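Notes to accompany the following structure.
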Amino acid sequence: MVQIHPPLPVSLFTGYSGAATTLSPSFSRLSSVLLRVSPLELIENKLRLLREFNNSLSPGQKERVINDSHVKRNVRWCGLTVHFTINCPFQCSYCYIEDMGFSFSNPKPYPLSGRELAFALLLNPRFLPGRTGTLLAIGAVSEPFIFFNNALDKLEWLAKLGNPIQFSTKQYISSVMAEKIKNISSKYNTPISPLVTIISFEFSDLLENKAPNPEKRLDSIKNLRDAGLSPILFLRPLIPGVNLHEVDSILTAAKKAGAVGAVIGSFRITLKILQRLESIDINVKQIKRRIKRIDNVQRSIPLPEKKLILKKIRDYGLIPWASACCANSWTANVPCPSACFINGPCTNCPNNCNYPRDVPDDKDVAQALVRLGIKIKVKGSNVLLLNYPFRGVEMTVRNISRRVPIVKKEFKKKE
Ligand code: SF4
Ligand code: SF4
């Protein structure tokens with residue numbers, strides 16, 4: 001068995017019971033009843049898959065996987081971000097990837113194969129496979145479908161894990177491509193949630209000069225919907241003084257094309273992004289007015305209009321979401337793994353997550369977490385962490401318990 005960092009408790013490898021669990025329960029968004037979270041099954045499923053993958057990869061492949069960043073990556077609110085591409089040729093002027101060390105030139109497929117990528121996720125102690133496990137978010141640092149066939153291989157291997165998969169894209173998705181994505185979802189009964197980004201018609205030539213134009217992206221929405229998926233408009237970033245006045249026209253067009261809902265998100269600025277926007281004559285007055293400090297750190301521009309925009313989305317007959325995790329959860333028919341319904345940006349969407357109805361039993365939660373080396377005490381809708389075995393343990397606790405973790409200050413200091 002390969003060694004991983006941070007190490008998982010030995011019990012995770014030795015405690016394998018051989019219990020057969022289904023890879024992913026039958027996928028249907030038609031049901032209004034959310035899938036039950038079974039904490040112990042999540043752990044058993046992880047053990048089983050770890051064994052299977054460990055037996056199927058060569059020593060050389062394992063060596064490559066162990067050193068990959070997906071093994072150590074923290075789970076964020078939107079889930080675990082998975083990279084299909086390195087660098088992005090679309091060069092959007094509001095994009096933060098250059099600030100993160102990526103480039104607008106020389107795009108490459110992510111160097112791991114689909115099978116290796118899936119194994120990397122399994123080796124991450126924060127990751128839980130299965131439909132009620134960790135949300136997967138593809139497209140955070142590049143356009144995922146630049147190398148479509150390579151992306152399909154990766155998508156297929158991730159789908160075998162059964163987790164809710166969400167991708168965000170500006171690529172033109174033809175009807176053939178949409179069918180292929182849908183086929184993967186159907187083959188593995190794995191929900192796939194497409195987010196199609198459109199933020200401006202007026203300024204797309206300036207803001208997203210190298211990306212397919214918004215009209216092509218509306219076609220992507222249509223093609224994805226026709227293929228039987230539930231495409232969602234990704235209305236992010238909302239940039240004060242730049243695109244807020246276009247919200248109505250974007251919602252109208254997206255709805256007409258077949259979008260089922262919209263996820264909104266604010267704008268993160270850095271000095272580099274500000275200078276880029278100024279260099280193409282984008283009006284940045286409002287941006288500067290709303291934030292005191294602009295430097296190399298990514299900072300969110302306050303967006304008090306958020307509530308109003310969410311209401312607008314609802315008025316247009318679309319489902320409004322303030323967080324991508326909720327759109328992914330709705331598509332997968334699972335209670336939100338980030339527990340947004342307890343203390344997150346819940347918009348009371350039709351997923352209708354509910355505490356205490358949709359959270360697992362206290363004892364099951366404690367037993368499952370102990371197998372990951374996490375000691376806790378459940379207190380109603382909270383989970384008190386009694387130790388802090390690895391960085392980012394909070395999101396794993398949220399995922400397994402569907403409750404809100406409380407971390408003592410002493411643990412936070414140690415981190
Ligand atoms: S498509 Fe996304 S990752 Fe690529 S440049 Fe635009 S914002 Fe950045
Ligand atoms: S009901 Fe609330 S928490 Fe659940 S998915 Fe919808 S918006 Fe998110």
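Residues are named by chain letter and number: chains run A, B, ... in the order of the structure tokens, numbers start at 1 in each chain, and ligands are numbered from 1 in the order shown.
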
Each residue of chain A with at least one atom at most 12 Å from ligand 2 should appear once, together with its nearest atom pair and the corresponding distance in Å (one decimal); atoms considered: only C-alpha atoms and all ligand atoms; ordering: chain, then increasing residue number; output as JSON lines.
{"residue": "A:Ser32", "atom": "CA", "partner": "ligand 2", "partner_atom_place_in_ligand_line": "1 (S)", "distance": 11.6}
{"residue": "A:Leu34", "atom": "CA", "partner": "ligand 2", "partner_atom_place_in_ligand_line": "4 (Fe)", "distance": 9.8}
{"residue": "A:Trp77", "atom": "CA", "partner": "ligand 2", "partner_atom_place_in_ligand_line": "8 (Fe)", "distance": 11.4}
{"residue": "A:Cys78", "atom": "CA", "partner": "ligand 2", "partner_atom_place_in_ligand_line": "8 (Fe)", "distance": 11.0}
{"residue": "A:Gly261", "atom": "CA", "partner": "ligand 2", "partner_atom_place_in_ligand_line": "7 (S)", "distance": 11.5}
{"residue": "A:Ala262", "atom": "CA", "partner": "ligand 2", "partner_atom_place_in_ligand_line": "7 (S)", "distance": 11.6}
{"residue": "A:Val263", "atom": "CA", "partner": "ligand 2", "partner_atom_place_in_ligand_line": "7 (S)", "distance": 10.3}
{"residue": "A:Leu310", "atom": "CA", "partner": "ligand 2", "partner_atom_place_in_ligand_line": "7 (S)", "distance": 11.3}
{"residue": "A:Ile319", "atom": "CA", "partner": "ligand 2", "partner_atom_place_in_ligand_line": "6 (Fe)", "distance": 9.2}
{"residue": "A:Pro320", "atom": "CA", "partner": "ligand 2", "partner_atom_place_in_ligand_line": "7 (S)", "distance": 8.0}
{"residue": "A:Trp321", "atom": "CA", "partner": "ligand 2", "partner_atom_place_in_ligand_line": "7 (S)", "distance": 6.0}
{"residue": "A:Ala322", "atom": "CA", "partner": "ligand 2", "partner_atom_place_in_ligand_line": "7 (S)", "distance": 7.4}
{"residue": "A:Ser323", "atom": "CA", "partner": "ligand 2", "partner_atom_place_in_ligand_line": "8 (Fe)", "distance": 7.5}
{"residue": "A:Ala324", "atom": "CA", "partner": "ligand 2", "partner_atom_place_in_ligand_line": "8 (Fe)", "distance": 8.7}
{"residue": "A:Cys325", "atom": "CA", "partner": "ligand 2", "partner_atom_place_in_ligand_line": "8 (Fe)", "distance": 7.1}
{"residue": "A:Cys326", "atom": "CA", "partner": "ligand 2", "partner_atom_place_in_ligand_line": "8 (Fe)", "distance": 3.9}
{"residue": "A:Ala327", "atom": "CA", "partner": "ligand 2", "partner_atom_place_in_ligand_line": "5 (S)", "distance": 6.4}
{"residue": "A:Asn328", "atom": "CA", "partner": "ligand 2", "partner_atom_place_in_ligand_line": "5 (S)", "distance": 7.8}
{"residue": "A:Ser329", "atom": "CA", "partner": "ligand 2", "partner_atom_place_in_ligand_line": "5 (S)", "distance": 5.4}
{"residue": "A:Trp330", "atom": "CA", "partner": "ligand 2", "partner_atom_place_in_ligand_line": "5 (S)", "distance": 5.3}
{"residue": "A:Thr331", "atom": "CA", "partner": "ligand 2", "partner_atom_place_in_ligand_line": "5 (S)", "distance": 8.9}
{"residue": "A:Ala332", "atom": "CA", "partner": "ligand 2", "partner_atom_place_in_ligand_line": "5 (S)", "distance": 9.6}
{"residue": "A:Asn333", "atom": "CA", "partner": "ligand 2", "partner_atom_place_in_ligand_line": "5 (S)", "distance": 8.5}
{"residue": "A:Val334", "atom": "CA", "partner": "ligand 2", "partner_atom_place_in_ligand_line": "5 (S)", "distance": 7.8}
{"residue": "A:Pro335", "atom": "CA", "partner": "ligand 2", "partner_atom_place_in_ligand_line": "4 (Fe)", "distance": 5.9}
{"residue": "A:Cys336", "atom": "CA", "partner": "ligand 2", "partner_atom_place_in_ligand_line": "5 (S)", "distance": 5.1}
{"residue": "A:Pro337", "atom": "CA", "partner": "ligand 2", "partner_atom_place_in_ligand_line": "3 (S)", "distance": 8.6}
{"residue": "A:Ser338", "atom": "CA", "partner": "ligand 2", "partner_atom_place_in_ligand_line": "3 (S)", "distance": 7.9}
{"residue": "A:Ala339", "atom": "CA", "partner": "ligand 2", "partner_atom_place_in_ligand_line": "3 (S)", "distance": 6.3}
{"residue": "A:Cys340", "atom": "CA", "partner": "ligand 2", "partner_atom_place_in_ligand_line": "3 (S)", "distance": 4.3}
{"residue": "A:Phe341", "atom": "CA", "partner": "ligand 2", "partner_atom_place_in_ligand_line": "3 (S)", "distance": 3.8}
{"residue": "A:Ile342", "atom": "CA", "partner": "ligand 2", "partner_atom_place_in_ligand_line": "3 (S)", "distance": 7.4}
{"residue": "A:Asn343", "atom": "CA", "partner": "ligand 2", "partner_atom_place_in_ligand_line": "3 (S)", "distance": 8.7}
{"residue": "A:Gly344", "atom": "CA", "partner": "ligand 2", "partner_atom_place_in_ligand_line": "3 (S)", "distance": 7.1}
{"residue": "A:Pro345", "atom": "CA", "partner": "ligand 2", "partner_atom_place_in_ligand_line": "7 (S)", "distance": 6.9}
{"residue": "A:Cys346", "atom": "CA", "partner": "ligand 2", "partner_atom_place_in_ligand_line": "2 (Fe)", "distance": 3.8}
{"residue": "A:Thr347", "atom": "CA", "partner": "ligand 2", "partner_atom_place_in_ligand_line": "7 (S)", "distance": 4.3}
{"residue": "A:Asn348", "atom": "CA", "partner": "ligand 2", "partner_atom_place_in_ligand_line": "2 (Fe)", "distance": 4.4}
{"residue": "A:Cys349", "atom": "CA", "partner": "ligand 2", "partner_atom_place_in_ligand_line": "6 (Fe)", "distance": 3.9}
{"residue": "A:Pro350", "atom": "CA", "partner": "ligand 2", "partner_atom_place_in_ligand_line": "6 (Fe)", "distance": 6.1}
{"residue": "A:Asn351", "atom": "CA", "partner": "ligand 2", "partner_atom_place_in_ligand_line": "1 (S)", "distance": 4.7}
{"residue": "A:Asn352", "atom": "CA", "partner": "ligand 2", "partner_atom_place_in_ligand_line": "1 (S)", "distance": 4.0}
{"residue": "A:Cys353", "atom": "CA", "partner": "ligand 2", "partner_atom_place_in_ligand_line": "4 (Fe)", "distance": 4.2}
{"residue": "A:Asn354", "atom": "CA", "partner": "ligand 2", "partner_atom_place_in_ligand_line": "1 (S)", "distance": 7.3}
{"residue": "A:Tyr355", "atom": "CA", "partner": "ligand 2", "partner_atom_place_in_ligand_line": "3 (S)", "distance": 10.0}
{"residue": "A:Asp358", "atom": "CA", "partner": "ligand 2", "partner_atom_place_in_ligand_line": "4 (Fe)", "distance": 9.9}
{"residue": "A:Val359", "atom": "CA", "partner": "ligand 2", "partner_atom_place_in_ligand_line": "4 (Fe)", "distance": 11.8}
{"residue": "A:Arg402", "atom": "CA", "partner": "ligand 2", "partner_atom_place_in_ligand_line": "3 (S)", "distance": 10.3}
{"residue": "A:Arg403", "atom": "CA", "partner": "ligand 2", "partner_atom_place_in_ligand_line": "3 (S)", "distance": 11.4}

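Of all the residues in segment 349-410 of chain A, the ones DSSP labels as alpha helix (DSSP H) from the backbone are Asp362, Lys363, Asp364, Val365, Ala366, Gln367, Ala368, Leu369, Val370, Arg371, Val393, Glu394, Met395, Thr396, Val397, Arg398, Asn399, Ile400, Ser401, Lys409 and Glu410 of chain A.
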
Selection from above, C-alpha atoms, as a compact mmCIF listing (two decimals), in the first residue's frame, can you write it?
# COMPACT_ATOMS: atom_id res chain seq x y z
CA ASP A 362 -25.09 11.33 16.03
CA LYS A 363 -23.61 7.94 16.83
CA ASP A 364 -23.01 7.02 13.19
CA VAL A 365 -21.26 10.34 12.68
CA ALA A 366 -18.95 9.82 15.67
CA GLN A 367 -18.14 6.22 14.67
CA ALA A 368 -17.34 7.16 11.08
CA LEU A 369 -15.19 10.13 12.03
CA VAL A 370 -13.19 8.09 14.55
CA ARG A 371 -12.20 5.82 11.68
CA VAL A 393 -10.66 18.58 8.61
CA GLU A 394 -13.63 20.95 9.01
CA MET A 395 -15.09 20.29 5.55
CA THR A 396 -14.80 16.52 6.04
CA VAL A 397 -16.72 16.89 9.28
CA ARG A 398 -19.35 19.02 7.53
CA ASN A 399 -19.64 16.41 4.78
CA ILE A 400 -20.02 13.38 7.04
CA SER A 401 -22.19 15.01 9.72
CA LYS A 409 -8.82 28.20 19.03
CA GLU A 410 -5.87 26.04 20.14

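The closest residue to ligand 1, picked from A:Lys306, A:Arg126, A:Lys187, A:Lys210 and counting only C-alpha atoms and all ligand atoms, is A:Lys210.
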
Where in segment 154-263 of chain A does DSSP assign strand (DSSP E), given as a list of chain:residue names?
A:Ile165, A:Gln166, A:Phe167, A:Ser168, A:Thr169, A:Ile192, A:Ser193, A:Pro194, A:Leu195, A:Val196, A:Thr197, A:Ile232, A:Leu233, A:Phe234, A:Leu235, A:Gly261, A:Ala262, A:Val263

Please save N, CA and C atoms of the selected residues as a PDB file, in the first residue's frame.
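Saved as result33.pdb:
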ATOM      1  N   ILE A 165     -20.638  15.785  -9.571  1.00  0.00           N
ATOM      2  CA  ILE A 165     -19.601  16.484 -10.335  1.00  0.00           C
ATOM      3  C   ILE A 165     -20.196  17.761 -10.916  1.00  0.00           C
ATOM      4  N   GLN A 166     -19.441  18.835 -10.765  1.00  0.00           N
ATOM      5  CA  GLN A 166     -19.875  20.102 -11.365  1.00  0.00           C
ATOM      6  C   GLN A 166     -18.714  20.659 -12.183  1.00  0.00           C
ATOM      7  N   PHE A 167     -19.021  21.121 -13.380  1.00  0.00           N
ATOM      8  CA  PHE A 167     -17.961  21.813 -14.118  1.00  0.00           C
ATOM      9  C   PHE A 167     -18.439  23.195 -14.492  1.00  0.00           C
ATOM     10  N   SER A 168     -17.496  24.144 -14.559  1.00  0.00           N
ATOM     11  CA  SER A 168     -17.852  25.468 -15.073  1.00  0.00           C
ATOM     12  C   SER A 168     -17.092  25.655 -16.375  1.00  0.00           C
ATOM     13  N   THR A 169     -17.776  26.196 -17.357  1.00  0.00           N
ATOM     14  CA  THR A 169     -17.177  26.268 -18.693  1.00  0.00           C
ATOM     15  C   THR A 169     -17.593  27.519 -19.450  1.00  0.00           C
ATOM     16  N   ILE A 192     -24.064  15.025 -13.012  1.00  0.00           N
ATOM     17  CA  ILE A 192     -23.105  16.021 -13.515  1.00  0.00           C
ATOM     18  C   ILE A 192     -23.849  17.344 -13.700  1.00  0.00           C
ATOM     19  N   SER A 193     -23.333  18.371 -13.050  1.00  0.00           N
ATOM     20  CA  SER A 193     -23.989  19.676 -13.065  1.00  0.00           C
ATOM     21  C   SER A 193     -23.172  20.675 -13.889  1.00  0.00           C
ATOM     22  N   PRO A 194     -23.691  21.064 -15.080  1.00  0.00           N
ATOM     23  CA  PRO A 194     -22.940  22.011 -15.908  1.00  0.00           C
ATOM     24  C   PRO A 194     -23.240  23.462 -15.515  1.00  0.00           C
ATOM     25  N   LEU A 195     -22.175  24.215 -15.272  1.00  0.00           N
ATOM     26  CA  LEU A 195     -22.311  25.663 -15.067  1.00  0.00           C
ATOM     27  C   LEU A 195     -21.747  26.350 -16.298  1.00  0.00           C
ATOM     28  N   VAL A 196     -22.571  27.127 -16.966  1.00  0.00           N
ATOM     29  CA  VAL A 196     -22.097  27.833 -18.159  1.00  0.00           C
ATOM     30  C   VAL A 196     -21.995  29.324 -17.823  1.00  0.00           C
ATOM     31  N   THR A 197     -20.786  29.842 -17.942  1.00  0.00           N
ATOM     32  CA  THR A 197     -20.550  31.236 -17.537  1.00  0.00           C
ATOM     33  C   THR A 197     -20.934  32.214 -18.653  1.00  0.00           C
ATOM     34  N   ILE A 232     -26.878  25.225 -15.849  1.00  0.00           N
ATOM     35  CA  ILE A 232     -27.117  26.336 -14.924  1.00  0.00           C
ATOM     36  C   ILE A 232     -26.251  27.516 -15.358  1.00  0.00           C
ATOM     37  N   LEU A 233     -26.851  28.685 -15.348  1.00  0.00           N
ATOM     38  CA  LEU A 233     -26.091  29.891 -15.691  1.00  0.00           C
ATOM     39  C   LEU A 233     -25.137  30.230 -14.543  1.00  0.00           C
ATOM     40  N   PHE A 234     -23.875  30.451 -14.882  1.00  0.00           N
ATOM     41  CA  PHE A 234     -22.907  30.879 -13.866  1.00  0.00           C
ATOM     42  C   PHE A 234     -22.703  32.380 -14.056  1.00  0.00           C
ATOM     43  N   LEU A 235     -23.354  33.143 -13.218  1.00  0.00           N
ATOM     44  CA  LEU A 235     -23.351  34.600 -13.330  1.00  0.00           C
ATOM     45  C   LEU A 235     -22.284  35.152 -12.388  1.00  0.00           C
ATOM     46  N   GLY A 261     -31.410  27.251 -13.694  1.00  0.00           N
ATOM     47  CA  GLY A 261     -31.173  28.122 -12.558  1.00  0.00           C
ATOM     48  C   GLY A 261     -29.956  28.982 -12.803  1.00  0.00           C
ATOM     49  N   ALA A 262     -29.591  29.745 -11.792  1.00  0.00           N
ATOM     50  CA  ALA A 262     -28.396  30.588 -11.917  1.00  0.00           C
ATOM     51  C   ALA A 262     -27.661  30.638 -10.587  1.00  0.00           C
ATOM     52  N   VAL A 263     -26.349  30.494 -10.672  1.00  0.00           N
ATOM     53  CA  VAL A 263     -25.491  30.673  -9.495  1.00  0.00           C
ATOM     54  C   VAL A 263     -24.821  32.031  -9.651  1.00  0.00           C
TER      55      VAL A 263
END

List all protein, DNA and RNA residues that have any atom at most 9 Å from ligand 1, counting only C-alpha atoms and all ligand atoms, and write the list as a PDB file with N, CA and C atoms, in the first residue's frame.
ATOM      1  N   ASN A  87      -3.123  26.116 -17.098  1.00  0.00           N
ATOM      2  CA  ASN A  87      -3.090  27.388 -17.852  1.00  0.00           C
ATOM      3  C   ASN A  87      -4.366  27.520 -18.696  1.00  0.00           C
ATOM      4  N   CYS A  88      -4.685  28.758 -19.043  1.00  0.00           N
ATOM      5  CA  CYS A  88      -5.942  28.968 -19.770  1.00  0.00           C
ATOM      6  C   CYS A  88      -5.777  29.979 -20.895  1.00  0.00           C
ATOM      7  N   PRO A  89      -6.088  29.583 -22.125  1.00  0.00           N
ATOM      8  CA  PRO A  89      -5.880  30.492 -23.261  1.00  0.00           C
ATOM      9  C   PRO A  89      -6.984  31.551 -23.415  1.00  0.00           C
ATOM     10  N   PHE A  90      -8.040  31.480 -22.614  1.00  0.00           N
ATOM     11  CA  PHE A  90      -9.153  32.405 -22.812  1.00  0.00           C
ATOM     12  C   PHE A  90      -8.852  33.823 -22.302  1.00  0.00           C
ATOM     13  N   GLN A  91      -7.903  33.931 -21.416  1.00  0.00           N
ATOM     14  CA  GLN A  91      -7.350  35.242 -21.020  1.00  0.00           C
ATOM     15  C   GLN A  91      -8.394  36.270 -20.583  1.00  0.00           C
ATOM     16  N   CYS A  92      -9.374  35.851 -19.835  1.00  0.00           N
ATOM     17  CA  CYS A  92     -10.387  36.820 -19.383  1.00  0.00           C
ATOM     18  C   CYS A  92      -9.705  37.902 -18.535  1.00  0.00           C
ATOM     19  N   SER A  93     -10.123  39.142 -18.759  1.00  0.00           N
ATOM     20  CA  SER A  93      -9.382  40.216 -18.087  1.00  0.00           C
ATOM     21  C   SER A  93      -9.682  40.285 -16.589  1.00  0.00           C
ATOM     22  N   TYR A  94     -10.756  39.662 -16.147  1.00  0.00           N
ATOM     23  CA  TYR A  94     -11.060  39.674 -14.704  1.00  0.00           C
ATOM     24  C   TYR A  94     -10.515  38.428 -14.001  1.00  0.00           C
ATOM     25  N   CYS A  95      -9.722  37.633 -14.686  1.00  0.00           N
ATOM     26  CA  CYS A  95      -9.333  36.317 -14.169  1.00  0.00           C
ATOM     27  C   CYS A  95      -8.172  36.398 -13.184  1.00  0.00           C
ATOM     28  N   TYR A  96      -8.208  35.533 -12.176  1.00  0.00           N
ATOM     29  CA  TYR A  96      -7.180  35.550 -11.124  1.00  0.00           C
ATOM     30  C   TYR A  96      -6.094  34.481 -11.281  1.00  0.00           C
ATOM     31  N   ILE A  97      -6.130  33.697 -12.385  1.00  0.00           N
ATOM     32  CA  ILE A  97      -5.185  32.563 -12.422  1.00  0.00           C
ATOM     33  C   ILE A  97      -3.723  33.006 -12.478  1.00  0.00           C
ATOM     34  N   GLU A  98      -3.451  34.164 -13.091  1.00  0.00           N
ATOM     35  CA  GLU A  98      -2.050  34.630 -13.119  1.00  0.00           C
ATOM     36  C   GLU A  98      -1.561  34.924 -11.702  1.00  0.00           C
ATOM     37  N   SER A 103      -0.771  30.507 -16.114  1.00  0.00           N
ATOM     38  CA  SER A 103      -0.475  31.427 -17.205  1.00  0.00           C
ATOM     39  C   SER A 103      -1.629  31.444 -18.218  1.00  0.00           C
ATOM     40  N   PHE A 104      -1.681  32.523 -19.001  1.00  0.00           N
ATOM     41  CA  PHE A 104      -2.674  32.608 -20.076  1.00  0.00           C
ATOM     42  C   PHE A 104      -2.169  31.976 -21.374  1.00  0.00           C
ATOM     43  N   GLY A 139     -12.891  23.184 -13.149  1.00  0.00           N
ATOM     44  CA  GLY A 139     -12.874  24.437 -13.919  1.00  0.00           C
ATOM     45  C   GLY A 139     -12.547  25.659 -13.087  1.00  0.00           C
ATOM     46  N   ALA A 140     -11.917  25.460 -11.927  1.00  0.00           N
ATOM     47  CA  ALA A 140     -11.625  26.611 -11.061  1.00  0.00           C
ATOM     48  C   ALA A 140     -10.437  27.421 -11.558  1.00  0.00           C
ATOM     49  N   VAL A 141      -9.459  26.751 -12.185  1.00  0.00           N
ATOM     50  CA  VAL A 141      -8.249  27.494 -12.570  1.00  0.00           C
ATOM     51  C   VAL A 141      -7.966  27.442 -14.074  1.00  0.00           C
ATOM     52  N   SER A 142      -8.883  26.890 -14.827  1.00  0.00           N
ATOM     53  CA  SER A 142      -8.738  26.900 -16.289  1.00  0.00           C
ATOM     54  C   SER A 142     -10.040  26.399 -16.922  1.00  0.00           C
ATOM     55  N   GLU A 143     -10.159  26.627 -18.211  1.00  0.00           N
ATOM     56  CA  GLU A 143     -11.277  26.045 -18.952  1.00  0.00           C
ATOM     57  C   GLU A 143     -11.053  24.525 -19.040  1.00  0.00           C
ATOM     58  N   PRO A 144     -11.994  23.722 -18.523  1.00  0.00           N
ATOM     59  CA  PRO A 144     -11.743  22.282 -18.479  1.00  0.00           C
ATOM     60  C   PRO A 144     -11.823  21.566 -19.822  1.00  0.00           C
ATOM     61  N   SER A 168     -17.496  24.144 -14.559  1.00  0.00           N
ATOM     62  CA  SER A 168     -17.852  25.468 -15.073  1.00  0.00           C
ATOM     63  C   SER A 168     -17.092  25.655 -16.375  1.00  0.00           C
ATOM     64  N   THR A 169     -17.776  26.196 -17.357  1.00  0.00           N
ATOM     65  CA  THR A 169     -17.177  26.268 -18.693  1.00  0.00           C
ATOM     66  C   THR A 169     -17.593  27.519 -19.450  1.00  0.00           C
ATOM     67  N   LYS A 170     -16.696  27.939 -20.343  1.00  0.00           N
ATOM     68  CA  LYS A 170     -17.046  28.966 -21.344  1.00  0.00           C
ATOM     69  C   LYS A 170     -16.856  28.386 -22.740  1.00  0.00           C
ATOM     70  N   GLN A 171     -16.437  27.142 -22.791  1.00  0.00           N
ATOM     71  CA  GLN A 171     -16.201  26.484 -24.069  1.00  0.00           C
ATOM     72  C   GLN A 171     -17.534  26.288 -24.807  1.00  0.00           C
ATOM     73  N   THR A 197     -20.786  29.842 -17.942  1.00  0.00           N
ATOM     74  CA  THR A 197     -20.550  31.236 -17.537  1.00  0.00           C
ATOM     75  C   THR A 197     -20.934  32.214 -18.653  1.00  0.00           C
ATOM     76  N   LEU A 207     -13.840  41.884 -22.088  1.00  0.00           N
ATOM     77  CA  LEU A 207     -13.575  41.106 -20.871  1.00  0.00           C
ATOM     78  C   LEU A 207     -13.143  39.673 -21.157  1.00  0.00           C
ATOM     79  N   GLU A 208     -13.678  39.108 -22.239  1.00  0.00           N
ATOM     80  CA  GLU A 208     -13.414  37.679 -22.516  1.00  0.00           C
ATOM     81  C   GLU A 208     -13.055  37.510 -23.984  1.00  0.00           C
ATOM     82  N   LYS A 210     -10.841  36.178 -25.799  1.00  0.00           N
ATOM     83  CA  LYS A 210     -10.402  34.941 -26.456  1.00  0.00           C
ATOM     84  C   LYS A 210     -11.345  33.753 -26.205  1.00  0.00           C
ATOM     85  N   ALA A 211     -12.397  33.976 -25.439  1.00  0.00           N
ATOM     86  CA  ALA A 211     -13.328  32.872 -25.142  1.00  0.00           C
ATOM     87  C   ALA A 211     -14.433  32.842 -26.205  1.00  0.00           C
ATOM     88  N   PRO A 237     -18.023  36.607 -12.572  1.00  0.00           N
ATOM     89  CA  PRO A 237     -18.182  37.587 -11.505  1.00  0.00           C
ATOM     90  C   PRO A 237     -19.168  38.705 -11.862  1.00  0.00           C
TER      91      PRO A 237
END

So that I can see what lies close to Ala120 of chain A, please list as a list in words the residues with an atom at most 8 Å from it, counting only C-alpha atoms and leaving out residues fewer than 5 positions away in the same chain.
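My list of contacting residues is Val65, Ile66, Asp68, His70 and Val71 of chain A.
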
Residue with smallest distance to Arg289 of chain A - pool A:Gly241, A:Gly79, A:Pro191, A:Ser105, counting only C-alpha atoms
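The closest residue to Arg289 of chain A is A:Gly241.
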
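The protein and nucleic acid residues lying at most 8 Å from segment 298-301 of chain A are Tyr96, Ser266, Phe267, Arg268, Ile269, Thr270, Ile287, Arg290, Ile291, Ile294 and Asp295 of chain A, with only C-alpha atoms considered and sequence neighbours fewer than 3 positions away removed.
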
Counting only C-alpha atoms, figure out which residue out of A:Glu156, A:Glu52, A:Ile198, A:Tyr316 gets nearest to Ile184 of chain A.
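Ranking A:Glu156, A:Glu52, A:Ile198, A:Tyr316 by distance to Ile184 of chain A, first place goes to A:Glu156.
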
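Considering the residues A:Asn183, A:Ser279, A:Thr134, A:Thr252 and counting only C-alpha atoms, Arg76 of chain A has its shortest atom-to-atom contact with A:Thr134.
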
Distance atom CA of Ile199 of chain A-atom CA of Arg236 of chain A, one decimal place?
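Atom CA of Arg236 of chain A lies 6.3 Å from atom CA of Ile199 of chain A.
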
Within 9 Å of Val176 of chain A using only C-alpha atoms, minus same-chain residues under 5 positions, as a PDB file with N, CA and C atoms, in the first residue's frame:
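Output saved as around14.pdb:
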ATOM      1  N   ILE A 181     -21.059  13.860 -22.598  1.00  0.00           N
ATOM      2  CA  ILE A 181     -21.037  14.157 -21.154  1.00  0.00           C
ATOM      3  C   ILE A 181     -22.231  13.477 -20.479  1.00  0.00           C
ATOM      4  N   ASN A 223     -27.688  22.914 -25.929  1.00  0.00           N
ATOM      5  CA  ASN A 223     -27.229  21.557 -26.252  1.00  0.00           C
ATOM      6  C   ASN A 223     -27.174  20.668 -25.002  1.00  0.00           C
ATOM      7  N   ALA A 227     -29.532  17.413 -24.327  1.00  0.00           N
ATOM      8  CA  ALA A 227     -28.923  16.103 -24.056  1.00  0.00           C
ATOM      9  C   ALA A 227     -29.490  15.473 -22.779  1.00  0.00           C
TER      10      ALA A 227
END

For Arg131 of chain A, which residue among A:Tyr388, A:Phe53, A:Tyr188, A:Phe203 is the nearest when counting only C-alpha atoms?
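Going through A:Tyr388, A:Phe53, A:Tyr188, A:Phe203 one by one, the smallest distance to Arg131 of chain A is for A:Tyr188.
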